[in-house]
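Pasted below: entry-v4.txt, compact mmCIF, C-alpha atoms and all ligand atoms.
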# COMPACT_ATOMS: atom_id res chain seq x y z
CA MET A 1 -79.12 63.81 -118.94
CA GLU A 2 -78.25 60.76 -120.86
CA GLN A 3 -76.57 59.14 -117.89
CA ASN A 4 -79.54 59.67 -115.57
CA LYS A 5 -81.98 57.92 -117.80
CA ASP A 6 -84.01 55.27 -116.18
CA ILE A 7 -82.47 51.93 -116.86
CA ASN A 8 -85.83 50.64 -118.04
CA GLN A 9 -85.70 52.78 -121.04
CA PHE A 10 -83.33 50.27 -122.59
CA GLU A 11 -85.96 47.59 -122.11
CA ILE A 12 -83.56 45.09 -120.73
CA PRO A 13 -85.57 41.90 -120.35
CA LEU A 14 -85.90 41.10 -116.70
CA ALA A 15 -85.13 37.59 -115.67
CA LYS A 16 -88.31 35.70 -115.45
CA ARG A 17 -88.98 34.85 -111.85
CA THR A 18 -90.28 31.44 -111.11
CA TYR A 19 -91.77 30.97 -107.72
CA LEU A 20 -91.00 27.58 -106.27
CA ASN A 21 -94.36 26.78 -104.85
CA ASN A 22 -95.61 23.79 -106.77
CA PRO A 23 -95.60 20.39 -104.94
CA ASN A 24 -92.54 19.06 -106.81
CA THR A 25 -90.39 22.02 -105.95
CA ILE A 26 -91.46 21.87 -102.29
CA ILE A 27 -90.14 18.32 -102.09
CA PHE A 28 -86.98 19.47 -103.82
CA LYS A 29 -86.54 22.27 -101.26
CA LYS A 30 -87.06 19.88 -98.40
CA LEU A 31 -84.52 17.54 -99.90
CA LEU A 32 -82.06 20.39 -100.11
CA ILE A 33 -82.63 21.25 -96.45
CA PHE A 34 -82.34 17.69 -95.26
CA SER A 35 -79.57 16.55 -97.59
CA PRO A 36 -76.77 17.08 -95.04
CA PHE A 37 -78.66 14.93 -92.55
CA LEU A 38 -79.33 12.28 -95.19
CA LEU A 39 -75.67 12.22 -96.03
CA LEU A 40 -74.71 11.86 -92.40
CA PHE A 41 -77.28 9.11 -91.95
CA SER A 42 -75.95 7.23 -95.00
CA VAL A 43 -72.37 7.44 -93.78
CA ALA A 44 -73.41 6.25 -90.32
CA SER A 45 -75.40 3.36 -91.84
CA LEU A 46 -72.47 2.29 -94.00
CA ARG A 47 -70.18 2.38 -91.00
CA PHE A 48 -72.63 0.35 -88.94
CA ILE A 49 -72.90 -2.31 -91.67
CA ARG A 50 -69.12 -2.41 -92.09
CA ASN A 51 -68.54 -2.71 -88.34
CA ASN A 52 -71.13 -5.44 -88.14
CA GLU A 53 -69.40 -7.35 -90.90
CA LEU A 54 -66.06 -6.89 -89.18
CA GLY A 55 -67.67 -7.90 -85.90
CA SER A 56 -69.07 -11.09 -87.30
CA SER A 57 -65.80 -12.03 -89.00
CA PHE A 58 -64.02 -11.29 -85.72
CA ASN A 59 -66.50 -13.57 -83.96
CA GLN A 60 -65.93 -16.25 -86.56
CA ASN A 61 -62.16 -16.00 -86.10
CA PHE A 62 -62.59 -16.07 -82.35
CA GLN A 63 -64.84 -19.11 -82.67
CA ALA A 64 -62.27 -20.82 -84.89
CA GLU A 65 -59.60 -20.04 -82.34
CA ARG A 66 -61.76 -21.45 -79.61
CA ASN A 67 -62.23 -24.62 -81.61
CA GLN A 68 -58.50 -24.93 -82.16
CA ASP A 69 -57.64 -25.79 -78.60
CA TYR A 70 -57.81 -29.45 -79.68
CA ARG A 71 -60.43 -30.45 -77.16
CA ILE A 72 -62.19 -33.74 -77.65
CA LEU A 73 -65.60 -34.01 -76.04
CA GLY A 74 -64.59 -31.19 -73.68
CA HIS A 75 -61.23 -32.72 -72.67
CA LEU A 76 -57.89 -31.09 -73.48
CA PRO A 77 -54.97 -33.21 -74.70
CA TYR A 78 -52.20 -34.07 -72.23
CA SER A 79 -48.98 -35.86 -72.98
CA GLU A 80 -47.57 -38.60 -70.84
CA ILE A 81 -45.05 -37.67 -68.17
CA PRO A 82 -41.47 -38.93 -68.85
CA SER A 83 -40.89 -41.94 -66.56
CA GLU A 84 -37.85 -40.33 -64.90
CA LYS A 85 -40.11 -37.67 -63.39
CA LEU A 86 -42.44 -40.22 -61.76
CA VAL A 87 -42.09 -41.13 -58.10
CA LEU A 88 -43.90 -43.75 -56.08
CA ILE A 89 -45.43 -42.22 -52.95
CA GLU A 90 -47.21 -45.38 -51.78
CA PRO A 91 -48.12 -48.73 -53.30
CA ASN A 92 -49.91 -48.11 -56.62
CA ILE A 93 -49.72 -44.32 -56.39
CA GLU A 94 -47.17 -42.59 -58.59
CA VAL A 95 -47.05 -38.82 -59.09
CA HIS A 96 -44.90 -36.14 -60.70
CA ILE A 97 -41.83 -35.47 -58.59
CA ASP A 98 -42.69 -31.73 -58.53
CA MET A 99 -45.84 -32.34 -56.52
CA ARG A 100 -44.75 -35.13 -54.20
CA ASP A 101 -43.64 -32.98 -51.24
CA SER A 102 -46.60 -30.66 -51.42
CA LEU A 103 -49.07 -33.54 -51.64
CA LEU A 104 -47.56 -35.40 -48.67
CA LYS A 105 -47.40 -32.19 -46.68
CA MET A 106 -51.07 -31.52 -47.39
CA ARG A 107 -52.06 -34.96 -46.11
CA LYS A 108 -49.92 -34.45 -42.99
CA GLU A 109 -51.42 -31.03 -42.23
CA ALA A 110 -54.95 -32.39 -42.70
CA LYS A 111 -54.18 -35.24 -40.31
CA LYS A 112 -53.12 -32.73 -37.65
CA GLU A 113 -56.65 -31.35 -37.85
CA GLY A 114 -58.27 -34.79 -37.65
CA ILE A 115 -58.89 -35.11 -41.38
CA TYR A 116 -57.73 -38.31 -43.04
CA LEU A 117 -57.09 -37.95 -46.74
CA VAL A 118 -56.62 -41.08 -48.82
CA PHE A 119 -55.05 -41.08 -52.25
CA LEU A 120 -57.12 -43.08 -54.72
CA SER A 121 -55.39 -42.55 -58.07
CA GLY A 122 -52.34 -40.61 -59.24
CA TYR A 123 -50.49 -41.08 -62.49
CA ARG A 124 -52.26 -43.22 -65.06
CA SER A 125 -50.62 -44.25 -68.31
CA ILE A 126 -52.35 -43.51 -71.60
CA ASN A 127 -52.70 -47.30 -72.06
CA LEU A 128 -54.50 -47.65 -68.75
CA GLN A 129 -56.68 -44.65 -69.64
CA ASN A 130 -57.46 -46.41 -72.91
CA ASP A 131 -58.82 -49.39 -70.98
CA ILE A 132 -60.72 -47.23 -68.51
CA PHE A 133 -62.35 -45.28 -71.30
CA TYR A 134 -63.14 -47.94 -73.91
CA SER A 135 -63.60 -51.07 -71.80
CA LEU A 136 -65.99 -49.40 -69.39
CA LYS A 137 -67.69 -47.59 -72.25
CA SER A 138 -68.37 -50.97 -73.84
CA ILE A 139 -69.37 -52.73 -70.61
CA ARG A 140 -71.74 -49.89 -69.76
CA ASN A 141 -73.02 -49.58 -73.32
CA GLN A 142 -72.21 -45.85 -73.36
CA GLU A 143 -71.74 -43.49 -76.30
CA ALA A 144 -68.42 -41.63 -76.38
CA ALA A 145 -69.85 -38.25 -75.31
CA GLU A 146 -71.71 -39.91 -72.44
CA ARG A 147 -68.59 -41.77 -71.33
CA ALA A 148 -66.49 -38.61 -71.65
CA ARG A 149 -68.63 -36.86 -69.05
CA VAL A 150 -67.11 -39.09 -66.39
CA SER A 151 -63.82 -40.24 -67.92
CA ALA A 152 -61.20 -38.70 -70.19
CA PRO A 153 -60.40 -40.33 -73.52
CA PRO A 154 -56.83 -41.75 -73.69
CA GLY A 155 -54.33 -38.93 -74.26
CA TYR A 156 -56.76 -36.42 -72.73
CA SER A 157 -56.48 -37.17 -69.04
CA GLU A 158 -54.80 -34.94 -66.48
CA HIS A 159 -53.75 -38.16 -64.78
CA SER A 160 -51.24 -38.94 -67.56
CA THR A 161 -49.27 -35.78 -66.62
CA GLY A 162 -48.60 -37.01 -63.06
CA PHE A 163 -50.03 -33.72 -61.76
CA ALA A 164 -53.50 -35.04 -60.92
CA ILE A 165 -54.61 -36.86 -57.80
CA ASP A 166 -57.94 -38.36 -56.82
CA ILE A 167 -58.55 -38.01 -53.10
CA GLY A 168 -61.01 -39.72 -50.76
CA ASP A 169 -61.94 -39.54 -47.09
CA ALA A 170 -60.37 -42.45 -45.17
CA THR A 171 -63.32 -42.46 -42.78
CA GLN A 172 -65.97 -42.56 -45.53
CA ARG A 173 -64.67 -44.85 -48.24
CA GLU A 174 -68.16 -45.38 -49.63
CA THR A 175 -67.90 -41.87 -51.07
CA ASP A 176 -64.77 -42.68 -53.13
CA PHE A 177 -65.25 -41.32 -56.67
CA GLU A 178 -68.80 -40.31 -55.78
CA ILE A 179 -70.43 -36.89 -55.81
CA GLU A 180 -71.26 -37.52 -52.14
CA PHE A 181 -67.58 -37.01 -51.42
CA GLU A 182 -68.39 -33.30 -51.37
CA ASN A 183 -70.27 -33.85 -48.10
CA THR A 184 -67.26 -35.34 -46.29
CA ASP A 185 -64.98 -33.56 -43.85
CA ALA A 186 -62.09 -34.33 -46.20
CA PHE A 187 -63.67 -32.40 -49.04
CA ARG A 188 -64.61 -29.46 -46.82
CA TRP A 189 -61.03 -29.35 -45.57
CA LEU A 190 -59.64 -29.52 -49.13
CA ARG A 191 -61.97 -26.79 -50.33
CA ASN A 192 -60.65 -24.51 -47.57
CA ASN A 193 -57.00 -25.50 -47.64
CA ALA A 194 -55.91 -27.12 -50.92
CA ALA A 195 -54.80 -23.85 -52.53
CA LYS A 196 -52.23 -23.40 -49.74
CA PHE A 197 -50.54 -26.50 -51.15
CA HIS A 198 -51.12 -25.42 -54.79
CA PHE A 199 -53.91 -27.86 -55.50
CA LYS A 200 -57.00 -26.93 -57.42
CA LEU A 201 -60.26 -28.69 -58.23
CA SER A 202 -60.13 -29.48 -61.97
CA PHE A 203 -63.77 -30.10 -62.82
CA ASN A 204 -66.15 -27.86 -60.97
CA LYS A 205 -69.90 -27.62 -61.32
CA ASN A 206 -69.69 -25.07 -64.15
CA ASN A 207 -68.07 -27.40 -66.67
CA LYS A 208 -70.36 -27.87 -69.66
CA TYR A 209 -68.95 -31.21 -70.87
CA ILE A 210 -67.45 -32.92 -67.87
CA ASP A 211 -69.31 -33.91 -64.72
CA TYR A 212 -68.35 -32.39 -61.40
CA GLU A 213 -65.55 -34.38 -59.73
CA PRO A 214 -65.03 -33.22 -56.13
CA TRP A 215 -62.33 -35.91 -55.63
CA HIS A 216 -60.12 -34.87 -58.56
CA TRP A 217 -57.43 -32.26 -57.81
CA ARG A 218 -54.50 -31.05 -59.82
CA TYR A 219 -51.20 -29.51 -58.80
CA GLU A 220 -50.26 -26.06 -60.08
CA GLY A 221 -47.25 -25.40 -57.86
CA SER A 222 -44.46 -25.50 -60.45
CA ILE A 223 -43.81 -23.79 -63.76
CA GLU A 224 -44.00 -27.13 -65.55
CA ALA A 225 -47.41 -27.79 -64.03
CA LEU A 226 -48.62 -24.29 -64.90
CA LYS A 227 -47.47 -24.81 -68.49
CA VAL A 228 -49.32 -28.11 -68.67
CA PHE A 229 -52.56 -26.49 -67.48
CA GLU A 230 -52.11 -23.14 -69.23
CA THR A 231 -54.75 -23.82 -71.92
CA SER A 232 -57.21 -25.12 -69.38
CA ASN A 233 -56.79 -22.05 -67.17
CA ARG A 234 -56.90 -19.64 -70.11
CA LYS A 235 -60.27 -20.97 -71.23
CA LEU A 236 -61.90 -20.49 -67.90
ZN ZN B 301 -59.16 -38.04 -61.44
Re-express the file's structure as structure tokens.
Amino acid sequence: MEQNKDINQFEIPLAKRTYLNNPNTIIFKKLLIFSPFLLLFSVASLRFIRNNELGSSFNQNFQAERNQDYRILGHLPYSEIPSEKLVLIEPNIEVHIDMRDSLLKMRKEAKKEGIYLVFLSGYRSINLQNDIFYSLKSIRNQEAAERARVSAPPGYSEHSTGFAIDIGDATQRETDFEIEFENTDAFRWLRNNAAKFHFKLSFNKNNKYIDYEPWHWRYEGSIEALKVFETSNRKL
């Protein structure tokens, strides 16, 4: 029958088969197989590069922010306390009125335990700080960064806020303003008790720019004091 004829009788040209077995086509096949992975890899690489760029710009911004805390040679700026907030607690020692009671109470409590604290320096005006910084810098032939390790530039001292106090041991006055103060009973007592009276050591051994000052304590027992030292505490 006409309909049952073998289809080949019409001599339809069969599609020419090409076997993909030469070296070029093998590579092409492999590429086809691996293309999804290559695509994934490319996307991941792009993301990595982008994140890295974002990361470095974030770091740059962070660095800029860090540099915008207005430090000079490691010291933060502090404004001078208004004179109406200053009180004299003994000859030559003036402090912020907020910290007077706590400071006197701390000395009294220490005395009860046989520890004799002596106040060496409280409020210092920016003018006085100017003399301390530049006159001594000149006398000692020091460069600014060298001087700043042991003394704040004017306008950058915690002492101008009235919230800082330098303390010595009344029984070992030779250790006044010396690192050796840390070996006195007064220092040991302060280390164990000062926080009860809201005092804190300002310059510990970890400070990169400023030398360790075991005698220098600051008051953080009022909102005003906390505001004054907010930047310093935030950067710890
Ligand atoms: Zn001091």
Contacts of ligand ZN 301 (chain B), 8 Å or closer, all atoms listed in the file, given as a ChimeraX atom specification: /A:121-122,158-159,164-166,213,215-217
Test item: which residues lie within 12 Å of (-70.1, -33.4, -50.6) counting all atoms listed in the file, as a count of residues only: 24
Stretch 78-91 of chain A environment, 7 Å, all atoms listed in the file, sequence neighbours closer than 6 positions dropped, as a list of chain:residue names: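 My list of contacting residues is A:Ile97, A:Ser125, A:Ile126, A:Gly155, A:Tyr156, A:Ser157, A:Glu158, A:Ser160, A:Thr161, A:Gly162.
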Computed interatomic separation between atom CA of A:Ala194 and atom CA of A:Glu224 (Å):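 Going from atom CA of A:Ala194 over to atom CA of A:Glu224, I get 18.9 Å.
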Exercise: residues within 10 Å of coordinate (-48.8, -41.6, -49.5), counting only C-alpha atoms, as a PyMOL selection string: chain A and resi 88-94+100+103-105+107-108+117-120
For atom CA of A:Tyr134 and atom CA of A:Ser232, the interatomic separation in Å (one decimal): 24.0 Å
Using only C-alpha atoms: which of A:Arg234, A:Arg218, A:Lys208, A:His198 has the shortest distance to A:Met106: A:His198
Atomic separation - atom CA of A:Glu146 relative to atom CA of A:Tyr209, Å: 9.3 Å
What are the centre and edge lengths in Å, to one decimal, of the axis-aligned box around all listed atoms of stretch 193-200 of chain A with 4 Å added on each side, as AutoDock Vina command-line options?
--center_x -53.8 --center_y -25.6 --center_z -52.5 --size_x 14.5 --size_y 12.5 --size_z 17.8
So that I can check the surroundings of A:Asp131, please list as a short mmCIF file (atom, residue, chain, number, x, y, z; two decimals) with C-alpha atoms, keeping the file's coordinate frame every protein, DNA and RNA residue that reaches within 12 Å of it, counting only C-alpha atoms and ignoring chain neighbours fewer than 5 positions away.
data_model
loop_
_atom_site.label_atom_id
_atom_site.label_comp_id
_atom_site.auth_asym_id
_atom_site.auth_seq_id
_atom_site.Cartn_x
_atom_site.Cartn_y
_atom_site.Cartn_z
CA ARG A 124 -52.26 -43.22 -65.06
CA SER A 125 -50.62 -44.25 -68.31
CA ILE A 126 -52.35 -43.51 -71.60
CA LEU A 136 -65.99 -49.40 -69.39
CA LYS A 137 -67.69 -47.59 -72.25
CA SER A 138 -68.37 -50.97 -73.84
CA ILE A 139 -69.37 -52.73 -70.61
CA SER A 151 -63.82 -40.24 -67.92
CA ALA A 152 -61.20 -38.70 -70.19
CA PRO A 153 -60.40 -40.33 -73.52
CA PRO A 154 -56.83 -41.75 -73.69
CA GLY A 155 -54.33 -38.93 -74.26
#
